[in-house]
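One file, work-v1.pdb, carrying PDB, C-alpha atoms and all ligand atoms:
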```
ATOM      1  CA  MET M   1       3.959  -8.501 -23.016
ATOM      2  CA  GLN M   2       0.234  -8.991 -23.232
ATOM      3  CA  LEU M   3      -2.379  -6.329 -22.377
ATOM      4  CA  ILE M   4      -5.668  -7.823 -21.193
ATOM      5  CA  GLN M   5      -8.699  -5.660 -20.467
ATOM      6  CA  SER M   6     -11.524  -8.149 -20.090
ATOM      7  CA  PRO M   7     -11.901 -10.022 -16.767
ATOM      8  CA  ASP M   8     -13.234 -13.115 -18.613
ATOM      9  CA  GLN M   9     -10.197 -13.135 -20.878
ATOM     10  CA  MET M  10      -7.890 -12.697 -17.880
ATOM     11  CA  LEU M  11      -9.370 -15.714 -16.154
ATOM     12  CA  ALA M  12      -9.292 -17.830 -19.329
ATOM     13  CA  GLU M  13      -5.627 -16.920 -19.934
ATOM     14  CA  VAL M  14      -4.536 -17.685 -16.402
ATOM     15  CA  LYS M  15      -6.379 -21.013 -16.390
ATOM     16  CA  SER M  16      -4.574 -22.001 -19.556
ATOM     17  CA  LEU M  17      -1.191 -20.962 -18.061
ATOM     18  CA  LYS M  18      -1.953 -22.996 -14.967
ATOM     19  CA  ARG M  19      -2.812 -26.063 -17.062
ATOM     20  CA  LYS M  20       0.729 -25.755 -18.426
ATOM     21  CA  GLY M  21       1.988 -25.855 -14.836
ATOM     22  CA  LEU M  22       3.282 -22.252 -14.782
ATOM     23  CA  SER M  23       3.442 -20.329 -11.507
ATOM     24  CA  ILE M  24       1.686 -16.966 -11.397
ATOM     25  CA  GLY M  25       2.644 -13.816  -9.484
ATOM     26  CA  LEU M  26       0.174 -10.944  -9.085
ATOM     27  CA  VAL M  27       1.253  -7.340  -8.526
ATOM     28  CA  PRO M  28      -1.898  -5.286  -7.874
ATOM     29  CA  THR M  29      -1.447  -1.566  -8.571
ATOM     30  CA  MET M  30      -3.474   1.559  -9.215
ATOM     31  CA  GLY M  31      -1.044   2.620 -11.951
ATOM     32  CA  ALA M  32       1.132   5.772 -11.965
ATOM     33  CA  LEU M  33       3.928   3.262 -11.673
ATOM     34  CA  HIS M  34       7.212   4.132  -9.995
ATOM     35  CA  LEU M  35      10.288   2.422  -8.590
ATOM     36  CA  GLY M  36       8.290   1.184  -5.583
ATOM     37  CA  HIS M  37       6.138  -0.853  -7.981
ATOM     38  CA  LYS M  38       9.234  -1.973  -9.880
ATOM     39  CA  ALA M  39      10.532  -3.604  -6.687
ATOM     40  CA  LEU M  40       7.288  -5.628  -6.485
ATOM     41  CA  VAL M  41       7.450  -6.610 -10.158
ATOM     42  CA  ASP M  42      11.146  -7.561  -9.851
ATOM     43  CA  GLN M  43      10.441  -9.831  -6.893
ATOM     44  CA  SER M  44       7.498 -11.437  -8.668
ATOM     45  CA  LEU M  45       9.643 -12.040 -11.772
ATOM     46  CA  ARG M  46      12.219 -13.779  -9.582
ATOM     47  CA  ASP M  47       9.642 -15.957  -7.820
ATOM     48  CA  ASN M  48       7.241 -16.845 -10.648
ATOM     49  CA  GLU M  49       7.184 -17.865 -14.287
ATOM     50  CA  VAL M  50       4.398 -15.410 -15.133
ATOM     51  CA  THR M  51       3.867 -11.957 -13.605
ATOM     52  CA  VAL M  52       0.480 -10.294 -13.952
ATOM     53  CA  THR M  53       0.458  -6.605 -13.010
ATOM     54  CA  SER M  54      -3.003  -5.175 -12.594
ATOM     55  CA  VAL M  55      -3.580  -1.486 -13.213
ATOM     56  CA  PHE M  56      -6.920  -0.322 -11.877
ATOM     57  CA  VAL M  57      -7.771   2.834  -9.965
ATOM     58  CA  ASN M  58     -10.311   1.326  -7.614
ATOM     59  CA  PRO M  59     -13.104   3.825  -6.860
ATOM     60  CA  THR M  60     -14.528   1.852  -3.926
ATOM     61  CA  GLN M  61     -11.452   2.441  -1.760
ATOM     62  CA  PHE M  62     -11.536   6.241  -2.044
ATOM     63  CA  ASN M  63     -13.569   7.884   0.661
ATOM     64  CA  ASN M  64     -12.717  11.315  -0.708
ATOM     65  CA  PRO M  65     -13.965  12.011  -4.278
ATOM     66  CA  GLU M  66     -11.360  14.787  -4.754
ATOM     67  CA  ASP M  67      -8.582  12.346  -3.926
ATOM     68  CA  LEU M  68      -9.979   9.965  -6.570
ATOM     69  CA  ALA M  69     -10.285  12.748  -9.169
ATOM     70  CA  ARG M  70      -6.704  13.859  -8.501
ATOM     71  CA  TYR M  71      -5.232  10.356  -8.588
ATOM     72  CA  PRO M  72      -2.890  10.202 -11.619
ATOM     73  CA  LYS M  73      -4.161   8.017 -14.488
ATOM     74  CA  THR M  74      -1.334   7.159 -16.881
ATOM     75  CA  LEU M  75      -2.099   3.762 -18.448
ATOM     76  CA  GLU M  76      -0.079   4.287 -21.632
ATOM     77  CA  GLU M  77       3.104   5.173 -19.725
ATOM     78  CA  ASP M  78       2.451   2.383 -17.228
ATOM     79  CA  VAL M  79       2.223  -0.187 -20.027
ATOM     80  CA  LYS M  80       5.541   1.068 -21.462
ATOM     81  CA  LYS M  81       7.244   0.820 -18.076
ATOM     82  CA  LEU M  82       5.935  -2.680 -17.469
ATOM     83  CA  LYS M  83       7.222  -3.779 -20.860
ATOM     84  CA  ASP M  84      10.687  -2.390 -19.957
ATOM     85  CA  TRP M  85      10.580  -4.100 -16.569
ATOM     86  CA  GLY M  86       9.817  -7.463 -18.198
ATOM     87  CA  ALA M  87       6.309  -8.036 -16.812
ATOM     88  CA  THR M  88       4.435 -10.779 -18.672
ATOM     89  CA  ILE M  89       0.833  -9.600 -18.576
ATOM     90  CA  VAL M  90      -0.838  -6.265 -17.786
ATOM     91  CA  PHE M  91      -4.422  -6.571 -16.613
ATOM     92  CA  ALA M  92      -6.123  -3.193 -16.998
ATOM     93  CA  PRO M  93      -9.898  -3.667 -16.850
ATOM     94  CA  ASP M  94     -12.324  -0.781 -17.012
ATOM     95  CA  GLU M  95     -14.590   0.106 -14.144
ATOM     96  CA  ASN M  96     -17.815  -1.344 -15.586
ATOM     97  CA  ALA M  97     -16.137  -4.656 -16.294
ATOM     98  CA  ILE M  98     -14.929  -4.973 -12.696
ATOM     99  CA  TYR M  99     -18.048  -3.529 -11.098
ATOM    100  CA  PRO M 100     -20.979  -4.492 -13.347
ATOM    101  CA  ARG M 101     -23.011  -3.686 -10.237
ATOM    102  CA  LYS M 102     -22.340  -2.093  -6.888
ATOM    103  CA  PRO M 103     -20.940  -4.593  -4.368
ATOM    104  CA  THR M 104     -23.627  -5.642  -1.917
ATOM    105  CA  ILE M 105     -21.346  -7.196   0.691
ATOM    106  CA  ARG M 106     -19.350  -5.304   3.288
ATOM    107  CA  LEU M 107     -16.055  -6.632   4.612
ATOM    108  CA  ASN M 108     -15.318  -5.888   8.226
ATOM    109  CA  PHE M 109     -11.802  -6.441   9.528
ATOM    110  CA  GLY M 110     -12.649  -5.728  13.165
ATOM    111  CA  ARG M 111     -10.090  -3.860  15.276
ATOM    112  CA  LEU M 112      -7.585  -3.923  12.415
ATOM    113  CA  GLU M 113      -9.698  -1.519  10.360
ATOM    114  CA  GLU M 114     -10.589   0.795  13.239
ATOM    115  CA  VAL M 115      -7.064   2.095  13.814
ATOM    116  CA  LEU M 116      -4.470   4.237  11.964
ATOM    117  CA  GLU M 117      -5.665   4.676   8.344
ATOM    118  CA  GLY M 118      -9.018   3.063   9.082
ATOM    119  CA  LYS M 119      -9.877   5.781  11.592
ATOM    120  CA  PHE M 120      -9.383   8.524   9.014
ATOM    121  CA  ARG M 121     -10.581   6.759   5.865
ATOM    122  CA  PRO M 122     -13.942   5.124   6.642
ATOM    123  CA  GLY M 123     -14.767   2.362   4.154
ATOM    124  CA  HIS M 124     -11.274   2.352   2.665
ATOM    125  CA  PHE M 125     -10.344  -1.189   3.695
ATOM    126  CA  ASN M 126     -13.717  -2.540   2.662
ATOM    127  CA  GLY M 127     -12.950  -1.214  -0.837
ATOM    128  CA  VAL M 128      -9.421  -2.628  -0.760
ATOM    129  CA  GLY M 129     -10.717  -6.008   0.436
ATOM    130  CA  ILE M 130     -13.316  -6.186  -2.331
ATOM    131  CA  ILE M 131     -10.956  -5.283  -5.180
ATOM    132  CA  VAL M 132      -8.162  -7.533  -3.909
ATOM    133  CA  SER M 133     -10.666 -10.430  -3.637
ATOM    134  CA  LYS M 134     -11.773  -9.813  -7.222
ATOM    135  CA  LEU M 135      -8.184  -9.677  -8.472
ATOM    136  CA  LEU M 136      -7.227 -12.854  -6.614
ATOM    137  CA  ASN M 137     -10.244 -14.612  -8.139
ATOM    138  CA  LEU M 138      -9.498 -13.389 -11.669
ATOM    139  CA  VAL M 139      -5.733 -13.993 -11.665
ATOM    140  CA  LEU M 140      -5.504 -17.069  -9.378
ATOM    141  CA  PRO M 141      -1.932 -16.227  -8.344
ATOM    142  CA  ASP M 142       0.419 -18.462  -6.395
ATOM    143  CA  ARG M 143       1.871 -15.316  -4.837
ATOM    144  CA  ALA M 144       0.710 -11.690  -4.576
ATOM    145  CA  TYR M 145       2.972  -8.737  -3.775
ATOM    146  CA  PHE M 146       2.178  -5.648  -1.694
ATOM    147  CA  GLY M 147       4.331  -2.695  -0.667
ATOM    148  CA  LEU M 148       4.994  -2.363   3.047
ATOM    149  CA  LYS M 149       4.527   1.416   2.858
ATOM    150  CA  ASP M 150       0.869   0.441   3.215
ATOM    151  CA  PHE M 151       1.627  -1.794   6.179
ATOM    152  CA  GLN M 152      -1.955  -1.832   7.432
ATOM    153  CA  GLN M 153      -3.192  -2.798   3.956
ATOM    154  CA  PHE M 154      -0.673  -5.668   3.961
ATOM    155  CA  LEU M 155      -2.085  -6.982   7.274
ATOM    156  CA  ILE M 156      -5.659  -6.528   6.000
ATOM    157  CA  VAL M 157      -4.890  -8.549   2.856
ATOM    158  CA  LYS M 158      -3.289 -11.307   4.940
ATOM    159  CA  GLU M 159      -6.414 -11.349   7.090
ATOM    160  CA  LEU M 160      -8.639 -11.515   3.990
ATOM    161  CA  VAL M 161      -6.710 -14.437   2.542
ATOM    162  CA  ALA M 162      -6.697 -16.297   5.875
ATOM    163  CA  ASN M 163     -10.460 -15.800   6.358
ATOM    164  CA  PHE M 164     -11.392 -16.950   2.850
ATOM    165  CA  SER M 165      -8.711 -19.685   2.623
ATOM    166  CA  VAL M 166      -7.324 -18.151  -0.565
ATOM    167  CA  PRO M 167      -4.453 -20.361  -1.729
ATOM    168  CA  ALA M 168      -2.067 -17.469  -2.451
ATOM    169  CA  GLU M 169       1.018 -16.452  -0.518
ATOM    170  CA  ILE M 170       0.976 -12.746   0.389
ATOM    171  CA  ILE M 171       4.423 -11.170   0.205
ATOM    172  CA  GLY M 172       5.386  -7.732   1.580
ATOM    173  CA  ILE M 173       8.139  -5.712  -0.101
ATOM    174  CA  PRO M 174      10.091  -3.016   1.773
ATOM    175  CA  THR M 175       9.386   0.644   1.001
ATOM    176  CA  GLN M 176      11.547   2.230  -1.685
ATOM    177  CA  ARG M 177      12.798   5.734  -0.879
ATOM    178  CA  HIS M 178      14.187   8.810  -2.626
ATOM    179  CA  SER M 179      17.672   9.843  -1.501
ATOM    180  CA  SER M 180      15.958  12.398   0.792
ATOM    181  CA  GLY M 181      14.320   9.474   2.617
ATOM    182  CA  LEU M 182      10.853  10.339   1.274
ATOM    183  CA  ALA M 183       8.880   7.162   0.561
ATOM    184  CA  ILE M 184       8.274   6.762  -3.169
ATOM    185  CA  SER M 185       4.554   7.163  -3.867
ATOM    186  CA  SER M 186       2.297   7.947  -6.831
ATOM    187  CA  ARG M 187       0.985  10.892  -4.823
ATOM    188  CA  ASN M 188       4.433  12.552  -4.840
ATOM    189  CA  GLN M 189       3.736  13.473  -8.490
ATOM    190  CA  ASN M 190       1.311  16.103  -7.202
ATOM    191  CA  LEU M 191       3.966  17.876  -5.075
ATOM    192  CA  SER M 192       6.105  20.868  -6.095
ATOM    193  CA  ASP M 193       9.893  20.778  -5.538
ATOM    194  CA  LYS M 194       9.333  22.709  -2.329
ATOM    195  CA  GLY M 195       6.613  20.236  -1.323
ATOM    196  CA  LEU M 196       8.967  17.312  -1.899
ATOM    197  CA  GLU M 197      11.512  18.958   0.387
ATOM    198  CA  ILE M 198       8.914  19.487   3.109
ATOM    199  CA  ALA M 199       7.623  15.927   2.714
ATOM    200  CA  ALA M 200      11.113  14.507   3.335
ATOM    201  CA  ASN M 201      10.628  15.526   6.974
ATOM    202  CA  ILE M 202       8.001  12.799   7.370
ATOM    203  CA  TYR M 203      10.715  10.149   7.242
ATOM    204  CA  LYS M 204      13.147  12.317   9.232
ATOM    205  CA  GLY M 205      10.617  12.280  12.062
ATOM    206  CA  LEU M 206      10.352   8.492  11.862
ATOM    207  CA  GLU M 207      14.133   8.115  11.978
ATOM    208  CA  MET M 208      14.307  10.444  14.929
ATOM    209  CA  ALA M 209      11.642   8.388  16.715
ATOM    210  CA  ARG M 210      13.580   5.198  15.977
ATOM    211  CA  GLU M 211      16.726   6.672  17.538
ATOM    212  CA  LEU M 212      14.790   7.825  20.588
ATOM    213  CA  ILE M 213      13.332   4.369  21.107
ATOM    214  CA  GLN M 214      16.705   2.736  20.607
ATOM    215  CA  SER M 215      18.200   5.055  23.207
ATOM    216  CA  LYS M 216      15.450   3.858  25.594
ATOM    217  CA  LYS M 217      13.525   7.132  25.774
ATOM    218  CA  GLY M 218      10.222   5.326  26.255
ATOM    219  CA  ILE M 219       7.199   5.365  23.953
ATOM    220  CA  ARG M 220       5.401   8.336  25.481
ATOM    221  CA  GLU M 221       8.438  10.616  25.451
ATOM    222  CA  THR M 222       9.320   9.503  21.919
ATOM    223  CA  ILE M 223       5.833  10.433  20.731
ATOM    224  CA  ARG M 224       6.031  13.819  22.481
ATOM    225  CA  LEU M 225       9.397  14.721  20.947
ATOM    226  CA  THR M 226       8.460  13.467  17.481
ATOM    227  CA  ASP M 227       5.170  15.401  17.533
ATOM    228  CA  GLN M 228       7.182  18.454  18.519
ATOM    229  CA  PHE M 229       9.575  17.924  15.584
ATOM    230  CA  TYR M 230       6.655  17.609  13.148
ATOM    231  CA  ASP M 231       4.924  20.680  14.606
ATOM    232  CA  GLU M 232       7.949  22.773  13.768
ATOM    233  CA  VAL M 233       8.003  21.831  10.071
ATOM    234  CA  ASP M 234       6.336  24.612   8.068
ATOM    235  CA  GLY M 235       3.915  23.279   5.463
ATOM    236  CA  LEU M 236       3.522  19.845   7.048
ATOM    237  CA  GLU M 237       0.182  19.069   8.680
ATOM    238  CA  ILE M 238       0.385  15.793  10.580
ATOM    239  CA  GLU M 239      -2.864  13.829  10.868
ATOM    240  CA  TYR M 240      -1.476  11.186  13.207
ATOM    241  CA  PHE M 241       1.813   9.823  14.438
ATOM    242  CA  GLU M 242       1.468   6.612  16.431
ATOM    243  CA  ILE M 243       3.614   3.854  17.818
ATOM    244  CA  VAL M 244       1.792   0.522  17.942
ATOM    245  CA  SER M 245       2.409  -3.214  18.044
ATOM    246  CA  ALA M 246       3.375  -4.261  14.499
ATOM    247  CA  GLU M 247       1.338  -7.431  15.002
ATOM    248  CA  THR M 248      -2.058  -5.986  15.939
ATOM    249  CA  LEU M 249      -1.571  -2.242  15.239
ATOM    250  CA  LEU M 250      -2.815  -1.500  18.771
ATOM    251  CA  SER M 251      -0.724   0.510  21.232
ATOM    252  CA  GLU M 252      -2.071  -1.531  24.171
ATOM    253  CA  ASP M 253      -0.527  -4.661  22.637
ATOM    254  CA  ILE M 254       3.029  -3.305  22.646
ATOM    255  CA  ALA M 255       5.116  -6.042  24.242
ATOM    256  CA  GLN M 256       8.590  -5.874  25.761
ATOM    257  CA  ASN M 257      10.346  -7.607  22.901
ATOM    258  CA  GLY M 258       7.660  -7.450  20.247
ATOM    259  CA  PRO M 259       7.988  -5.596  16.938
ATOM    260  CA  LEU M 260       6.798  -1.991  16.769
ATOM    261  CA  LEU M 261       5.294   0.000  13.950
ATOM    262  CA  LEU M 262       5.955   3.731  13.860
ATOM    263  CA  SER M 263       3.185   5.038  11.639
ATOM    264  CA  VAL M 264       2.494   8.523  10.320
ATOM    265  CA  ALA M 265       0.083  10.295   7.983
ATOM    266  CA  GLY M 266       0.019  13.953   7.045
ATOM    267  CA  TYR M 267      -0.635  16.582   4.416
ATOM    268  CA  VAL M 268       1.809  18.587   2.308
ATOM    269  CA  GLU M 269       0.294  20.993  -0.267
ATOM    270  CA  ASN M 270      -3.071  19.307   0.389
ATOM    271  CA  ILE M 271      -1.701  15.913  -0.654
ATOM    272  CA  ARG M 272      -2.121  13.134   1.881
ATOM    273  CA  LEU M 273       1.049  11.110   2.461
ATOM    274  CA  ILE M 274       1.719   8.133   4.710
ATOM    275  CA  ASP M 275       4.852   6.364   5.872
ATOM    276  CA  ASN M 276       5.936   3.911   8.532
ATOM    277  CA  LEU M 277       8.929   2.235  10.048
ATOM    278  CA  TYR M 278       8.989  -1.321  11.340
ATOM    279  CA  LEU M 279      11.171  -1.742  14.374
ATOM    280  CA  GLN M 280      12.303  -5.055  15.781
ATOM    281  CA  PRO M 281      13.711  -4.312  19.238
ATOM    282  CA  ASP M 282      16.997  -6.085  19.948
TER     283      ASP M 282
HETATM  284  O1  LIG R 301      -1.926  -0.367  -2.824
HETATM  285  C1  LIG R 301      -2.606  -0.116  -3.828
HETATM  286  O2  LIG R 301      -2.156   0.446  -4.834
HETATM  287  C2  LIG R 301      -4.092  -0.480  -3.830
HETATM  288  O3  LIG R 301      -4.643  -0.286  -2.578
HETATM  289  C3  LIG R 301      -4.354  -1.895  -4.364
HETATM  290  C4  LIG R 301      -3.747  -2.960  -3.476
HETATM  291  C5  LIG R 301      -3.827  -2.031  -5.785
HETATM  292  C6  LIG R 301      -5.870  -2.156  -4.413
HETATM  293  O4  LIG R 301      -6.519  -1.250  -5.246
END
```
Once you've parsed the file, please lay out its structure as structure tokens.
Amino acid sequence: MQLIQSPDQMLAEVKSLKRKGLSIGLVPTMGALHLGHKALVDQSLRDNEVTVTSVFVNPTQFNNPEDLARYPKTLEEDVKKLKDWGATIVFAPDENAIYPRKPTIRLNFGRLEEVLEGKFRPGHFNGVGIIVSKLLNLVLPDRAYFGLKDFQQFLIVKELVANFSVPAEIIGIPTQRHSSGLAISSRNQNLSDKGLEIAANIYKGLEMARELIQSKKGIRETIRLTDQFYDEVDGLEIEYFEIVSAETLLSEDIAQNGPLLLSVAGYVENIRLIDNLYLQPD
């Protein structure tokens, strides 16, 4: 496995691989790698001859400086894991190399960035869009892999690629979960055992909402009962729980037989966690 830190070297390497006709998969990450990331790397290894995993904690997507300061930074362990998983190249640039100057453009994703996460994290998707554009331009992948735990991010990246005609296929990988149902996330590292137990209720609420919808309770009643369930969990502070169209992320676009997204964000022990459930009505 090769560790590359310079963006120029990354681009030179990938150009040479492409001249040899090799297909390239990109797995963008912010490090603190876990089994959720492994699922992305595994899929990329199956689909491509070369897998580049980027490890870069991107400051421009954090709207809360404390969240950025607390974000785990574990490059040495990450490199070891990636070697074990069989990744081909790790791209771990430093901040000055990626941002020699402050970006002067601002990406606006319209309605898509005004809802769910976008409402609570102003500027977040602009930061995601800028770093993902940079990574796509430096790695020139045939395919890039994103976890569906960040469903809104997945749609934003698809929008980015469609707008800029980027010739990369964007592939979403289902959320990996602990046996408690809790979505695997780098942020879980900051939770105590008790916190992990409390956090498992986030997914329990989503499952309950799914059952309510499947038993034809109706969206409004499902939201009321799920909110009530979350309210009763000590130590869990829900920021939002919403049911929206999985195509546009707007509740007004929910269609009779269209896919739904049940989406939730909340705090446990001051750590912000998100989860969602995609529901294709039968
Ligand atoms: O999902 C993430 O870890 C990040 O948002 C990403 C896509 C690596 C961009 O920094």
Using all atoms listed in the file, find each protein or nucleic acid residue lying at most 10 Å from ligand LIG 301 (chain R); present the set as a VMD selection string.
chain M and resid 27 to 33 37 53 to 62 124 to 125 127 to 133 135 144 to 151 153 to 154 157 185 to 186
Ref. answer, residues at most 9 Å from (2.7, 15.0, -14.5) with only C-alpha atoms, as an NGL selection string
:M and (72 or 189-190)
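With CA of Leu236 in chain M on one side and CA of Arg187 in chain M on the other, the separation reads 15.1 Å.
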Of M:Asn163, M:Ser251, M:Ser263, M:Gln43, the one nearest to Leu277 in chain M when counting all atoms listed in the file is M:Ser263
Go through M:Met1, M:Leu261, M:Val161, M:Ile213 and flag the residue nearest Gly86 in chain M, using all atoms listed in the file for the distances.
M:Met1
List, as number ranges by chain, every residue that the PyMOL selection byres (((chain M and resi 238-250) around 6) and not hetatm) selects in the file provided.
M: 237, 251-254, 259-266
